file my_file_33.tsv (TSV, C-alpha atoms and all ligand atoms)
chain	number	residue	atom	x	y	z
A	1	MET	CA	-14.12	6.72	-0.57
A	2	SER	CA	-14.35	3.17	-1.80
A	3	LYS	CA	-14.61	0.06	0.33
A	4	ASN	CA	-12.76	-1.72	-2.51
A	5	TRP	CA	-9.58	0.28	-2.03
A	6	GLN	CA	-6.50	-1.66	-1.04
A	7	PRO	CA	-4.89	-0.74	2.33
A	8	ALA	CA	-2.17	1.43	0.75
A	9	THR	CA	-4.86	3.61	-0.86
A	10	GLN	CA	-7.12	3.67	2.21
A	11	LEU	CA	-4.22	4.80	4.38
A	12	VAL	CA	-3.49	7.83	2.18
A	13	HIS	CA	-7.04	8.94	1.35
A	14	GLY	CA	-9.42	7.35	3.87
A	15	GLY	CA	-11.45	9.67	6.10
A	16	SER	CA	-10.06	12.99	4.77
A	17	ILE	CA	-12.17	16.07	5.52
A	18	ARG	CA	-11.20	19.29	3.72
A	19	SER	CA	-12.15	22.81	4.71
A	20	GLN	CA	-13.37	25.54	2.33
A	21	PHE	CA	-9.70	26.22	1.44
A	22	GLY	CA	-9.20	22.84	-0.21
A	23	GLU	CA	-5.93	22.18	1.59
A	24	MET	CA	-4.05	19.18	0.16
A	25	SER	CA	-2.65	17.85	3.44
A	26	GLU	CA	-5.23	17.42	6.21
A	27	SER	CA	-5.46	20.30	8.70
A	28	ILE	CA	-4.93	20.26	12.43
A	29	PHE	CA	-8.00	21.64	14.20
A	30	LEU	CA	-6.43	22.77	17.47
A	31	THR	CA	-9.58	24.01	19.12
A	32	GLN	CA	-11.09	22.79	22.35
A	33	GLY	CA	-14.61	23.84	21.44
A	34	PHE	CA	-17.01	24.86	18.68
A	35	LEU	CA	-19.43	27.75	18.14
A	36	TYR	CA	-23.16	27.62	17.43
A	37	GLU	CA	-25.01	29.94	15.07
A	38	ASN	CA	-27.76	30.55	17.59
A	39	SER	CA	-29.33	29.18	20.76
A	40	ALA	CA	-31.60	26.78	18.91
A	41	SER	CA	-28.68	25.20	17.04
A	42	ALA	CA	-26.80	24.70	20.33
A	43	GLU	CA	-29.89	23.05	21.80
A	44	ALA	CA	-30.34	20.79	18.76
A	45	ARG	CA	-26.70	19.72	18.79
A	46	PHE	CA	-26.75	18.88	22.49
A	47	LYS	CA	-29.92	16.85	21.96
A	48	GLY	CA	-28.13	14.94	19.20
A	49	GLU	CA	-30.69	16.08	16.62
A	50	THR	CA	-28.07	17.64	14.34
A	51	ASP	CA	-24.55	16.53	13.47
A	52	GLY	CA	-21.59	18.65	14.46
A	53	TYR	CA	-18.90	18.94	17.05
A	54	ILE	CA	-19.48	20.16	20.61
A	55	TYR	CA	-16.26	19.86	22.57
A	56	ALA	CA	-12.86	18.32	21.76
A	57	ARG	CA	-13.16	15.83	24.63
A	58	TYR	CA	-16.10	14.32	22.69
A	59	GLY	CA	-14.68	14.56	19.18
A	60	SER	CA	-13.13	16.94	16.66
A	61	PRO	CA	-12.36	17.06	12.91
A	62	THR	CA	-8.72	15.89	12.96
A	63	ASN	CA	-9.53	13.07	15.37
A	64	ASP	CA	-12.50	12.16	13.18
A	65	MET	CA	-10.23	11.79	10.16
A	66	PHE	CA	-7.88	9.51	12.09
A	67	GLU	CA	-10.81	7.43	13.42
A	68	LYS	CA	-12.44	7.10	9.99
A	69	ARG	CA	-9.19	6.12	8.29
A	70	MET	CA	-8.59	3.45	10.94
A	71	CYS	CA	-12.21	2.20	10.66
A	72	MET	CA	-11.81	1.81	6.91
A	73	MET	CA	-8.55	-0.10	7.28
A	74	GLU	CA	-9.83	-2.31	10.07
A	75	GLY	CA	-13.33	-2.93	8.75
A	76	ALA	CA	-14.94	-1.35	11.85
A	77	GLU	CA	-18.12	0.75	11.97
A	78	ASP	CA	-16.94	3.19	14.62
A	79	ALA	CA	-13.95	4.11	16.78
A	80	ARG	CA	-12.66	6.46	19.47
A	81	ALA	CA	-9.10	7.81	19.37
A	82	THR	CA	-7.43	7.96	22.78
A	83	ALA	CA	-4.43	9.70	24.33
A	84	SER	CA	-2.37	6.49	24.54
A	85	GLY	CA	-2.62	2.78	23.93
A	86	MET	CA	-3.30	2.24	27.63
A	87	ALA	CA	-6.16	4.77	27.56
A	88	ALA	CA	-7.68	2.69	24.74
A	89	ILE	CA	-7.21	-0.62	26.53
A	90	SER	CA	-8.35	0.52	29.99
A	91	SER	CA	-11.41	2.25	28.46
A	92	SER	CA	-12.34	-0.79	26.35
A	93	ILE	CA	-12.38	-2.97	29.46
A	94	LEU	CA	-13.69	-0.63	32.16
A	95	CYS	CA	-16.52	0.84	30.06
A	96	GLN	CA	-18.29	-2.51	29.98
A	97	VAL	CA	-17.74	-4.24	33.33
A	98	LYS	CA	-19.41	-3.85	36.71
A	99	ALA	CA	-18.76	-5.32	40.16
A	100	GLY	CA	-19.44	-9.05	40.07
A	101	ASP	CA	-18.24	-9.55	36.48
A	102	HIS	CA	-15.33	-11.81	35.50
A	103	ILE	CA	-12.60	-11.44	32.86
A	104	VAL	CA	-10.59	-14.21	31.21
A	105	ALA	CA	-7.31	-13.09	29.65
A	106	ALA	CA	-4.27	-14.73	28.11
A	107	ARG	CA	-1.48	-14.33	30.68
A	108	ALA	CA	1.16	-13.28	28.12
A	109	LEU	CA	0.31	-9.57	28.19
A	110	PHE	CA	1.97	-6.18	27.86
A	111	GLY	CA	2.86	-5.21	31.47
A	112	SER	CA	0.27	-2.43	31.89
A	113	ASN	CA	-2.48	-4.60	30.36
A	114	ARG	CA	-1.71	-7.22	32.95
A	115	TRP	CA	-1.83	-4.61	35.75
A	116	ILE	CA	-5.29	-3.41	34.67
A	117	ILE	CA	-6.71	-6.92	34.58
A	118	GLU	CA	-4.88	-8.41	37.56
A	119	THR	CA	-4.61	-5.43	39.95
A	120	LEU	CA	-6.99	-2.61	38.99
A	121	ALA	CA	-10.15	-4.49	37.98
A	122	PRO	CA	-10.33	-6.49	41.27
A	123	LYS	CA	-10.38	-3.19	43.22
A	124	TYR	CA	-13.77	-2.54	41.62
A	125	GLY	CA	-15.06	-6.04	42.32
A	126	VAL	CA	-14.25	-7.46	38.86
A	127	THR	CA	-12.40	-10.77	39.14
A	128	CYS	CA	-10.07	-12.26	36.55
A	129	THR	CA	-8.47	-15.51	35.49
A	130	LEU	CA	-5.21	-15.49	33.53
A	131	VAL	CA	-4.67	-18.52	31.32
A	132	ASP	CA	-2.04	-19.91	28.97
A	133	GLY	CA	-3.86	-18.56	25.93
A	134	ARG	CA	-2.24	-20.96	23.46
A	135	ASP	CA	-4.56	-23.80	24.46
A	136	LEU	CA	-8.30	-23.30	23.83
A	137	ALA	CA	-9.13	-25.80	26.58
A	138	ASN	CA	-7.68	-23.35	29.13
A	139	TRP	CA	-10.07	-20.60	28.00
A	140	GLU	CA	-12.99	-23.00	28.22
A	141	ALA	CA	-12.02	-24.19	31.70
A	142	ALA	CA	-11.72	-20.61	33.00
A	143	VAL	CA	-15.22	-19.51	31.94
A	144	ARG	CA	-17.71	-18.80	34.75
A	145	PRO	CA	-21.39	-17.88	34.60
A	146	ASN	CA	-20.41	-14.22	35.17
A	147	THR	CA	-17.63	-14.07	32.52
A	148	LYS	CA	-18.13	-10.85	30.60
A	149	VAL	CA	-14.87	-10.14	28.77
A	150	PHE	CA	-12.15	-12.13	26.98
A	151	PHE	CA	-8.89	-10.24	26.40
A	152	LEU	CA	-5.85	-11.27	24.38
A	153	GLU	CA	-2.79	-10.06	22.49
A	154	SER	CA	-1.43	-11.98	19.51
A	155	PRO	CA	1.47	-12.21	18.81
A	156	THR	CA	2.44	-11.59	22.42
A	157	ASN	CA	5.11	-9.41	23.93
A	158	PRO	CA	7.98	-10.34	24.02
A	159	THR	CA	7.97	-14.05	23.16
A	160	LEU	CA	5.76	-13.82	20.04
A	161	GLU	CA	3.39	-16.61	21.01
A	162	VAL	CA	0.12	-16.60	19.10
A	163	VAL	CA	-3.46	-17.23	20.18
A	164	ASP	CA	-6.04	-18.86	17.88
A	165	ILE	CA	-8.30	-15.80	17.60
A	166	ALA	CA	-11.07	-17.55	15.64
A	167	GLY	CA	-11.15	-20.36	18.22
A	168	VAL	CA	-11.33	-17.99	21.20
A	169	SER	CA	-13.94	-15.88	19.42
A	170	LYS	CA	-16.17	-18.91	18.83
A	171	LEU	CA	-16.05	-19.73	22.54
A	172	ALA	CA	-16.67	-16.08	23.48
A	173	LYS	CA	-19.85	-16.11	21.37
A	174	GLN	CA	-21.02	-19.36	22.98
A	175	VAL	CA	-20.64	-17.97	26.51
A	176	GLY	CA	-21.77	-14.41	25.71
A	177	ALA	CA	-18.41	-12.73	26.42
A	178	THR	CA	-17.02	-9.74	24.50
A	179	LEU	CA	-13.65	-10.52	22.88
A	180	ILE	CA	-11.14	-7.65	22.90
A	181	VAL	CA	-7.97	-8.11	20.81
A	182	ASP	CA	-4.87	-5.96	21.29
A	183	ASN	CA	-3.53	-6.08	17.72
A	184	VAL	CA	-0.38	-3.97	18.18
A	185	PHE	CA	2.22	-6.63	17.37
A	186	ALA	CA	0.44	-7.82	14.20
A	187	THR	CA	-0.32	-4.28	12.91
A	188	PRO	CA	-3.57	-3.57	11.01
A	189	LEU	CA	-1.83	-4.83	7.86
A	190	PHE	CA	-1.03	-8.39	8.90
A	191	GLN	CA	-4.02	-9.48	11.00
A	192	LYS	CA	-7.74	-8.66	10.81
A	193	PRO	CA	-9.27	-9.58	14.19
A	194	PHE	CA	-12.82	-8.61	13.13
A	195	GLU	CA	-12.69	-11.13	10.28
A	196	LEU	CA	-11.65	-13.73	12.89
A	197	GLY	CA	-14.66	-12.86	15.09
A	198	ALA	CA	-13.30	-10.28	17.57
A	199	ASP	CA	-15.84	-7.77	18.97
A	200	VAL	CA	-13.41	-4.97	19.85
A	201	VAL	CA	-9.91	-4.20	18.49
A	202	VAL	CA	-7.49	-1.92	20.33
A	203	TYR	CA	-4.17	-0.36	19.34
A	204	SER	CA	-1.36	1.58	20.82
A	205	ALA	CA	-0.88	3.99	17.88
A	206	THR	CA	2.40	4.96	19.55
A	207	LYS	CA	3.98	1.90	17.93
A	208	HIS	CA	3.84	1.19	14.17
A	209	ILE	CA	1.08	3.73	13.40
A	210	ASP	CA	3.25	6.68	14.38
A	211	GLY	CA	6.32	4.52	13.94
A	212	GLN	CA	8.67	7.48	14.21
A	213	GLY	CA	8.87	7.92	17.97
A	214	ARG	CA	7.01	11.24	18.05
A	215	CYS	CA	3.85	10.86	20.09
A	216	LEU	CA	1.52	8.65	22.09
A	217	GLY	CA	-1.88	7.56	20.87
A	218	GLY	CA	-4.40	4.76	20.88
A	219	ILE	CA	-7.71	3.71	19.40
A	220	VAL	CA	-10.69	1.48	20.23
A	221	LEU	CA	-12.61	0.10	17.23
A	222	SER	CA	-15.88	-1.84	17.19
A	223	SER	CA	-19.45	-1.95	15.89
A	224	LYS	CA	-21.56	1.19	16.16
A	225	LYS	CA	-23.86	-0.67	18.56
A	226	TRP	CA	-21.04	-1.67	20.95
A	227	ILE	CA	-19.60	1.86	20.97
A	228	ASP	CA	-23.03	3.46	21.50
A	229	GLU	CA	-23.96	1.10	24.32
A	230	ASN	CA	-20.60	0.84	26.09
A	231	LEU	CA	-17.91	3.35	25.18
A	232	HIS	CA	-19.78	6.49	24.07
A	233	ASP	CA	-20.75	7.91	27.48
A	234	TYR	CA	-17.71	6.48	29.29
A	235	PHE	CA	-15.42	8.20	26.77
A	236	ARG	CA	-17.20	11.56	26.98
A	237	HIS	CA	-17.25	11.70	30.75
A	238	THR	CA	-13.91	10.17	31.79
A	239	GLY	CA	-11.89	12.07	29.15
A	240	PRO	CA	-9.25	9.78	27.59
A	241	ALA	CA	-9.45	11.78	24.31
A	242	MET	CA	-6.48	12.11	21.94
A	243	SER	CA	-4.98	15.55	21.31
A	244	PRO	CA	-5.88	16.80	17.79
A	245	PHE	CA	-2.19	17.50	17.24
A	246	ASN	CA	-1.35	13.86	17.85
A	247	ALA	CA	-4.26	12.76	15.63
A	248	TRP	CA	-2.66	14.79	12.83
A	249	VAL	CA	0.78	13.24	13.43
A	250	LEU	CA	-0.80	9.78	13.39
A	251	LEU	CA	-2.74	10.50	10.17
A	252	LYS	CA	0.61	11.28	8.54
A	253	GLY	CA	1.98	8.07	10.07
A	254	LEU	CA	-0.80	6.01	8.50
A	255	GLU	CA	0.14	7.28	5.01
A	256	THR	CA	3.52	5.55	5.17
A	257	LEU	CA	2.56	2.58	7.37
A	258	PRO	CA	2.59	-0.05	4.58
A	259	LEU	CA	6.01	1.07	3.28
A	260	ARG	CA	7.56	1.09	6.72
A	261	VAL	CA	6.06	-2.20	7.89
A	262	LYS	CA	7.09	-3.94	4.66
A	263	GLN	CA	10.72	-2.89	5.07
A	264	GLN	CA	10.67	-3.66	8.81
A	265	THR	CA	9.27	-7.14	8.16
A	266	GLU	CA	11.88	-7.90	5.49
A	267	ASN	CA	14.57	-6.79	7.93
A	268	ALA	CA	13.05	-8.91	10.71
A	269	ALA	CA	13.00	-12.03	8.50
A	270	LYS	CA	16.63	-11.40	7.50
A	271	ALA	CA	17.70	-10.86	11.12
A	272	ALA	CA	15.78	-13.95	12.31
A	273	ASP	CA	17.43	-16.17	9.69
A	274	PHE	CA	20.88	-14.84	10.56
A	275	LEU	CA	20.35	-15.20	14.33
A	276	ALA	CA	18.96	-18.75	14.03
A	277	GLU	CA	22.31	-19.90	12.62
A	278	HIS	CA	24.54	-18.10	15.14
A	279	LYS	CA	26.35	-20.23	17.71
A	280	ALA	CA	25.73	-17.79	20.61
A	281	VAL	CA	21.97	-18.07	20.10
A	282	ALA	CA	19.97	-20.87	21.73
A	283	LYS	CA	16.65	-20.13	20.07
A	284	VAL	CA	14.96	-17.67	17.72
A	285	ILE	CA	11.21	-17.10	17.76
A	286	TYR	CA	9.85	-15.39	14.66
A	287	PRO	CA	6.27	-15.73	13.40
A	288	GLY	CA	7.51	-15.66	9.79
A	289	ARG	CA	9.68	-18.79	10.18
A	290	LYS	CA	8.53	-22.35	9.60
A	291	ASP	CA	10.08	-23.43	12.92
A	292	HIS	CA	7.72	-21.21	14.99
A	293	PRO	CA	5.97	-23.65	17.38
A	294	GLN	CA	2.52	-22.42	16.21
A	295	ALA	CA	3.25	-22.00	12.49
A	296	ASP	CA	-0.11	-23.66	11.65
A	297	ILE	CA	-2.15	-20.97	13.49
A	298	ILE	CA	0.03	-18.20	12.05
A	299	ALA	CA	-0.69	-19.50	8.53
A	300	LYS	CA	-4.44	-19.37	9.31
A	301	GLN	CA	-4.66	-15.87	10.76
A	302	MET	CA	-1.67	-13.73	9.76
A	303	LYS	CA	-0.71	-12.38	6.35
A	304	ALA	CA	2.99	-12.09	7.21
A	305	GLY	CA	5.44	-12.55	10.08
A	306	SER	CA	6.15	-9.55	12.26
A	307	THR	CA	8.49	-6.62	12.62
A	308	LEU	CA	9.78	-8.15	15.88
A	309	VAL	CA	12.08	-11.05	16.64
A	310	CYS	CA	12.61	-12.73	20.00
A	311	LEU	CA	15.86	-14.55	20.72
A	312	GLU	CA	17.40	-16.41	23.59
A	313	LEU	CA	21.13	-16.21	24.16
A	314	LYS	CA	23.03	-19.20	25.51
A	315	GLY	CA	25.05	-16.98	27.84
A	316	GLY	CA	22.07	-15.63	29.86
A	317	LYS	CA	21.85	-12.08	31.20
A	318	GLU	CA	25.57	-11.41	30.86
A	319	ALA	CA	25.46	-12.27	27.15
A	320	ALA	CA	22.28	-10.21	26.63
A	321	PHE	CA	23.86	-7.13	28.22
A	322	ALA	CA	27.14	-7.64	26.30
A	323	MET	CA	25.24	-7.91	23.01
A	324	GLN	CA	23.07	-4.85	23.67
A	325	ASP	CA	26.03	-2.74	24.75
A	326	ALA	CA	28.10	-3.70	21.69
A	327	LEU	CA	25.42	-2.77	19.12
A	328	GLN	CA	26.08	0.42	17.17
A	329	VAL	CA	23.16	0.86	14.77
A	330	ILE	CA	20.52	-0.88	16.92
A	331	LYS	CA	19.60	1.19	19.97
A	332	ILE	CA	18.53	0.06	23.46
A	333	SER	CA	14.91	1.11	24.07
A	334	ASN	CA	11.63	-0.39	25.25
A	335	ASN	CA	9.72	1.18	22.34
A	336	LEU	CA	8.85	-0.91	19.28
A	337	GLY	CA	7.56	-0.56	15.73
A	338	ASP	CA	9.87	2.42	15.14
A	339	THR	CA	11.87	3.35	12.04
A	340	ARG	CA	14.97	2.78	14.20
A	341	SER	CA	15.90	-0.76	15.14
A	342	LEU	CA	15.56	-1.20	18.90
A	343	ILE	CA	16.56	-3.88	21.38
A	344	THR	CA	15.16	-4.65	24.84
A	345	HIS	CA	16.07	-7.04	27.65
A	346	PRO	CA	12.56	-7.80	28.99
A	347	ALA	CA	13.60	-9.49	32.27
A	348	THR	CA	15.25	-6.30	33.59
A	349	THR	CA	12.94	-3.71	31.97
A	350	THR	CA	9.42	-4.25	30.57
A	351	HIS	CA	8.80	-7.44	32.59
A	352	LYS	CA	10.83	-6.65	35.72
A	353	ASN	CA	7.69	-6.46	37.91
A	354	LEU	CA	6.83	-10.13	37.40
A	355	THR	CA	8.18	-12.81	39.73
A	356	ASP	CA	10.91	-15.10	38.36
A	357	GLU	CA	8.31	-17.84	38.26
A	358	ALA	CA	5.77	-15.76	36.27
A	359	ARG	CA	8.52	-14.77	33.84
A	360	ALA	CA	9.59	-18.40	33.38
A	361	GLU	CA	5.95	-19.35	32.66
A	362	LEU	CA	5.97	-16.82	29.83
A	363	GLY	CA	9.31	-18.05	28.50
A	364	ILE	CA	11.12	-14.84	29.50
A	365	LEU	CA	14.55	-16.06	30.59
A	366	PRO	CA	17.66	-14.09	31.63
A	367	GLY	CA	19.03	-14.55	28.09
A	368	THR	CA	15.83	-13.46	26.31
A	369	VAL	CA	16.14	-10.37	24.11
A	370	ARG	CA	13.49	-8.65	21.99
A	371	LEU	CA	14.45	-6.96	18.74
A	372	SER	CA	12.18	-4.49	16.95
A	373	LEU	CA	13.45	-4.02	13.41
A	374	GLY	CA	13.49	-0.59	11.81
A	375	ILE	CA	13.65	0.57	8.20
A	376	GLU	CA	17.46	0.80	7.96
A	377	ASP	CA	19.37	-1.25	5.39
A	378	GLY	CA	18.98	-4.95	6.23
A	379	GLY	CA	22.63	-5.70	5.48
A	380	ASP	CA	23.79	-3.00	7.91
A	381	LEU	CA	21.55	-4.46	10.62
A	382	VAL	CA	22.83	-8.01	10.15
A	383	ALA	CA	26.42	-6.70	10.19
A	384	ASP	CA	25.67	-4.85	13.44
A	385	LEU	CA	24.19	-8.00	15.03
A	386	GLU	CA	27.18	-10.04	13.84
A	387	GLN	CA	29.85	-7.73	15.28
A	388	ALA	CA	27.93	-7.54	18.58
A	389	LEU	CA	27.42	-11.32	18.89
A	390	ASP	CA	31.13	-11.87	18.20
A	391	LYS	CA	31.79	-10.13	21.54
A	392	VAL	CA	29.39	-12.39	23.47
A	393	LYS	CA	30.61	-15.34	25.58
A	394	PHE	CA	28.52	-18.52	25.63
B	1	LIG	C1	2.89	-0.27	23.90
B	1	LIG	C2	1.78	-1.24	24.03
B	1	LIG	C3	0.62	-0.89	24.74
B	1	LIG	C4	0.47	0.45	25.45
B	1	LIG	O1	0.47	1.53	24.60
B	1	LIG	P1	0.91	3.04	25.03
B	1	LIG	O2	0.68	3.82	23.79
B	1	LIG	O3	2.33	2.95	25.44
B	1	LIG	O4	0.02	3.44	26.15
B	1	LIG	C5	-0.37	-1.84	24.83
B	1	LIG	N1	-0.27	-3.05	24.25
B	1	LIG	C6	0.84	-3.42	23.56
B	1	LIG	C7	0.90	-4.78	22.96
B	1	LIG	C8	1.89	-2.53	23.42
B	1	LIG	O5	2.99	-2.89	22.75
call {"tool": "encode", "arguments": {"input": "my_file_33.tsv", "output": "structure tokens"}}
result
Amino acid sequence: MSKNWQPATQLVHGGSIRSQFGEMSESIFLTQGFLYENSASAEARFKGETDGYIYARYGSPTNDMFEKRMCMMEGAEDARATASGMAAISSSILCQVKAGDHIVAARALFGSNRWIIETLAPKYGVTCTLVDGRDLANWEAAVRPNTKVFFLESPTNPTLEVVDIAGVSKLAKQVGATLIVDNVFATPLFQKPFELGADVVVYSATKHIDGQGRCLGGIVLSSKKWIDENLHDYFRHTGPAMSPFNAWVLLKGLETLPLRVKQQTENAAKAADFLAEHKAVAKVIYPGRKDHPQADIIAKQMKAGSTLVCLELKGGKEAAFAMQDALQVIKISNNLGDTRSLITHPATTTHKNLTDEARAELGILPGTVRLSLGIEDGGDLVADLEQALDKVKF
């Protein structure tokens, strides 16, 4: 394994462990436990004196391969693979806070992330402040003497706002808070939060990493010290572990990640440019376009745009529903990062639990639609969008 490998090489070869059979494709170790040669070796392994697996809730070979490949790609020292993205995010927060602590988070969050911070954490005596994360002054103003964690997503779901990760990280270091970045929308290819100063990076592997709609998964990555001191025991004893079968599916997903994300991003750029010119569309937000309101920050911290496009239709909810229902290639689904192009109306699905006011604050209007571009032919996708928009009143 070489640290000098480019991502495309790391994602095919990184972390592979082969058995005595020399299998070419990595094996699935579907076993819940492991055997010991004798009593003394069991004792030594439990004491941590010798390496080796104990129980699949703690770790196992296929999960290890997935974790090591992700560590290599992300530039992390250690990681824990989890059953879903939410298991990764809830673990990364809850493993390190105690009653009396305070969290500051950007308010533009994936719905379940917001629930954990706003609703669950306070039940355990952990308070939170949600801020408009685009302005560093808001982060600074929200800090209290007991602030322990900063949490953000960038770009955000669904309106593709970005947060200045290096700026927030600098402040986190000054006040002694741990910065967790949910990097799902950027993918490990387009944004490197550790290089920007993040302490912990989390993913829903369900999205681009699988990218083929097959299974759930997640991962928490950090320094060895942070994992040892915060996540290690929490992970062993609360049990959010990933199934080895899913770790194997996700390892296969990583092999083709760069090819898929490249095609998806080209399709997204093409769709964004087409939509921006269409008379039924009021606004297009795409991190790869020069007219993105935060293009300067994007240029500083992202290597490329995104596989997602957010648009606002002039005709409101009625137009959004008419467009979605008229699409033939693009399917209606709340998933994202998939090989299939998918469309979502956030106000009535993923963000339905927010008040109208909270949605408006986030820029989620009745005519807002989120598109996740797949790997289909870009021309076919634009033609599908065109025939659907022709049916929309505005
Ligand atoms: C999907 C998603 C999650 C949650 O992941 P699951 O695998 O569905 O649990 C968290 N954050 C973001 C940004 C997501 O898109």
call {"tool": "closest_residue", "arguments": {"input": "my_file_33.tsv", "among": "A:Val184, A:Ile103, A:Met65, A:Val12", "to": "ligand LIG 1 (chain B)", "atoms": "all atoms listed in the file"}}
result
A:Val184
call {"tool": "residues_around", "arguments": {"input": "my_file_33.tsv", "residues": "stretch 91-98 of chain A", "least_positions_apart": "3", "cutoff": "7 Å", "atoms": "all atoms listed in the file", "output": "list in words"}}
result
Ala87, Ala88, Asp101, Val126, Val220, Asn230, Leu231 and Tyr234 of chain A
call {"tool": "residues_near_ligand", "arguments": {"input": "my_file_33.tsv", "ligand": "ligand LIG 1 (chain B)", "cutoff": "9 Å", "atoms": "only C-alpha atoms and all ligand atoms", "output": "ChimeraX atom specification"}}
result
/A:83-89,109-113,153-157,182-185,202-207,215-218,334-337
call {"tool": "write_last_selection", "arguments": {"input": "my_file_33.tsv", "atoms": "C-alpha atoms", "output": "PDB file, keeping the file's coordinate frame"}}
result
ATOM      1  CA  ALA A  83      -4.430   9.700  24.330  1.00  0.00           C
ATOM      2  CA  SER A  84      -2.370   6.490  24.540  1.00  0.00           C
ATOM      3  CA  GLY A  85      -2.620   2.780  23.930  1.00  0.00           C
ATOM      4  CA  MET A  86      -3.300   2.240  27.630  1.00  0.00           C
ATOM      5  CA  ALA A  87      -6.160   4.770  27.560  1.00  0.00           C
ATOM      6  CA  ALA A  88      -7.680   2.690  24.740  1.00  0.00           C
ATOM      7  CA  ILE A  89      -7.210  -0.620  26.530  1.00  0.00           C
ATOM      8  CA  LEU A 109       0.310  -9.570  28.190  1.00  0.00           C
ATOM      9  CA  PHE A 110       1.970  -6.180  27.860  1.00  0.00           C
ATOM     10  CA  GLY A 111       2.860  -5.210  31.470  1.00  0.00           C
ATOM     11  CA  SER A 112       0.270  -2.430  31.890  1.00  0.00           C
ATOM     12  CA  ASN A 113      -2.480  -4.600  30.360  1.00  0.00           C
ATOM     13  CA  GLU A 153      -2.790 -10.060  22.490  1.00  0.00           C
ATOM     14  CA  SER A 154      -1.430 -11.980  19.510  1.00  0.00           C
ATOM     15  CA  PRO A 155       1.470 -12.210  18.810  1.00  0.00           C
ATOM     16  CA  THR A 156       2.440 -11.590  22.420  1.00  0.00           C
ATOM     17  CA  ASN A 157       5.110  -9.410  23.930  1.00  0.00           C
ATOM     18  CA  ASP A 182      -4.870  -5.960  21.290  1.00  0.00           C
ATOM     19  CA  ASN A 183      -3.530  -6.080  17.720  1.00  0.00           C
ATOM     20  CA  VAL A 184      -0.380  -3.970  18.180  1.00  0.00           C
ATOM     21  CA  PHE A 185       2.220  -6.630  17.370  1.00  0.00           C
ATOM     22  CA  VAL A 202      -7.490  -1.920  20.330  1.00  0.00           C
ATOM     23  CA  TYR A 203      -4.170  -0.360  19.340  1.00  0.00           C
ATOM     24  CA  SER A 204      -1.360   1.580  20.820  1.00  0.00           C
ATOM     25  CA  ALA A 205      -0.880   3.990  17.880  1.00  0.00           C
ATOM     26  CA  THR A 206       2.400   4.960  19.550  1.00  0.00           C
ATOM     27  CA  LYS A 207       3.980   1.900  17.930  1.00  0.00           C
ATOM     28  CA  CYS A 215       3.850  10.860  20.090  1.00  0.00           C
ATOM     29  CA  LEU A 216       1.520   8.650  22.090  1.00  0.00           C
ATOM     30  CA  GLY A 217      -1.880   7.560  20.870  1.00  0.00           C
ATOM     31  CA  GLY A 218      -4.400   4.760  20.880  1.00  0.00           C
ATOM     32  CA  ASN A 334      11.630  -0.390  25.250  1.00  0.00           C
ATOM     33  CA  ASN A 335       9.720   1.180  22.340  1.00  0.00           C
ATOM     34  CA  LEU A 336       8.850  -0.910  19.280  1.00  0.00           C
ATOM     35  CA  GLY A 337       7.560  -0.560  15.730  1.00  0.00           C
TER      36      GLY A 337
END
call {"tool": "residues_around", "arguments": {"input": "my_file_33.tsv", "residues": "A:Pro346", "least_positions_apart": "3", "cutoff": "8 Å", "atoms": "all atoms listed in the file", "output": "PyMOL selection string"}}
result
chain A and resi 158+349-352+364+368-370
call {"tool": "closest_residue", "arguments": {"input": "my_file_33.tsv", "among": "A:Ile116, A:Val201, A:Leu130, A:Leu342", "to": "A:Ile227", "atoms": "only C-alpha atoms"}}
result
A:Val201
call {"tool": "closest_residue", "arguments": {"input": "my_file_33.tsv", "among": "A:Glu140, A:Asp273, A:Glu161, A:Asp384", "to": "A:Lys173", "atoms": "all atoms listed in the file"}}
result
A:Glu140
call {"tool": "residues_near_point", "arguments": {"input": "my_file_33.tsv", "point": "(-18.3, -12.2, 29.2)", "cutoff": "8 Å", "atoms": "all atoms listed in the file", "output": "compact mmCIF listing (two decimals) with C-alpha atoms, keeping the file's coordinate frame"}}
result
# COMPACT_ATOMS: atom_id res chain seq x y z
CA ASP A 101 -18.24 -9.55 36.48
CA HIS A 102 -15.33 -11.81 35.50
CA ILE A 103 -12.60 -11.44 32.86
CA ASN A 146 -20.41 -14.22 35.17
CA THR A 147 -17.63 -14.07 32.52
CA LYS A 148 -18.13 -10.85 30.60
CA VAL A 149 -14.87 -10.14 28.77
CA PHE A 150 -12.15 -12.13 26.98
CA ALA A 172 -16.67 -16.08 23.48
CA VAL A 175 -20.64 -17.97 26.51
CA GLY A 176 -21.77 -14.41 25.71
CA ALA A 177 -18.41 -12.73 26.42
CA THR A 178 -17.02 -9.74 24.50
call {"tool": "atom_distance", "arguments": {"input": "my_file_33.tsv", "atom1": "atom CA of A:Lys252", "atom2": "atom CA of A:Asp233"}}
result
28.7 Å
call {"tool": "closest_residue", "arguments": {"input": "my_file_33.tsv", "among": "A:Thr159, A:Thr129, A:Ser19, A:Gln10", "to": "A:Pro293", "atoms": "all atoms listed in the file"}}
result
A:Thr159
call {"tool": "closest_residue", "arguments": {"input": "my_file_33.tsv", "among": "A:Arg69, A:His13, A:Arg114, A:Lys279", "to": "A:Ser90", "atoms": "only C-alpha atoms"}}
result
A:Arg114
call {"tool": "atom_distance", "arguments": {"input": "my_file_33.tsv", "atom1": "atom CA of A:Tyr124", "atom2": "atom CA of A:Ala99"}}
result
5.9 Å
call {"tool": "closest_residue", "arguments": {"input": "my_file_33.tsv", "among": "A:Ala322, A:Glu255, A:Gln191, A:Ala42", "to": "A:Phe66", "atoms": "only C-alpha atoms"}}
result
A:Glu255
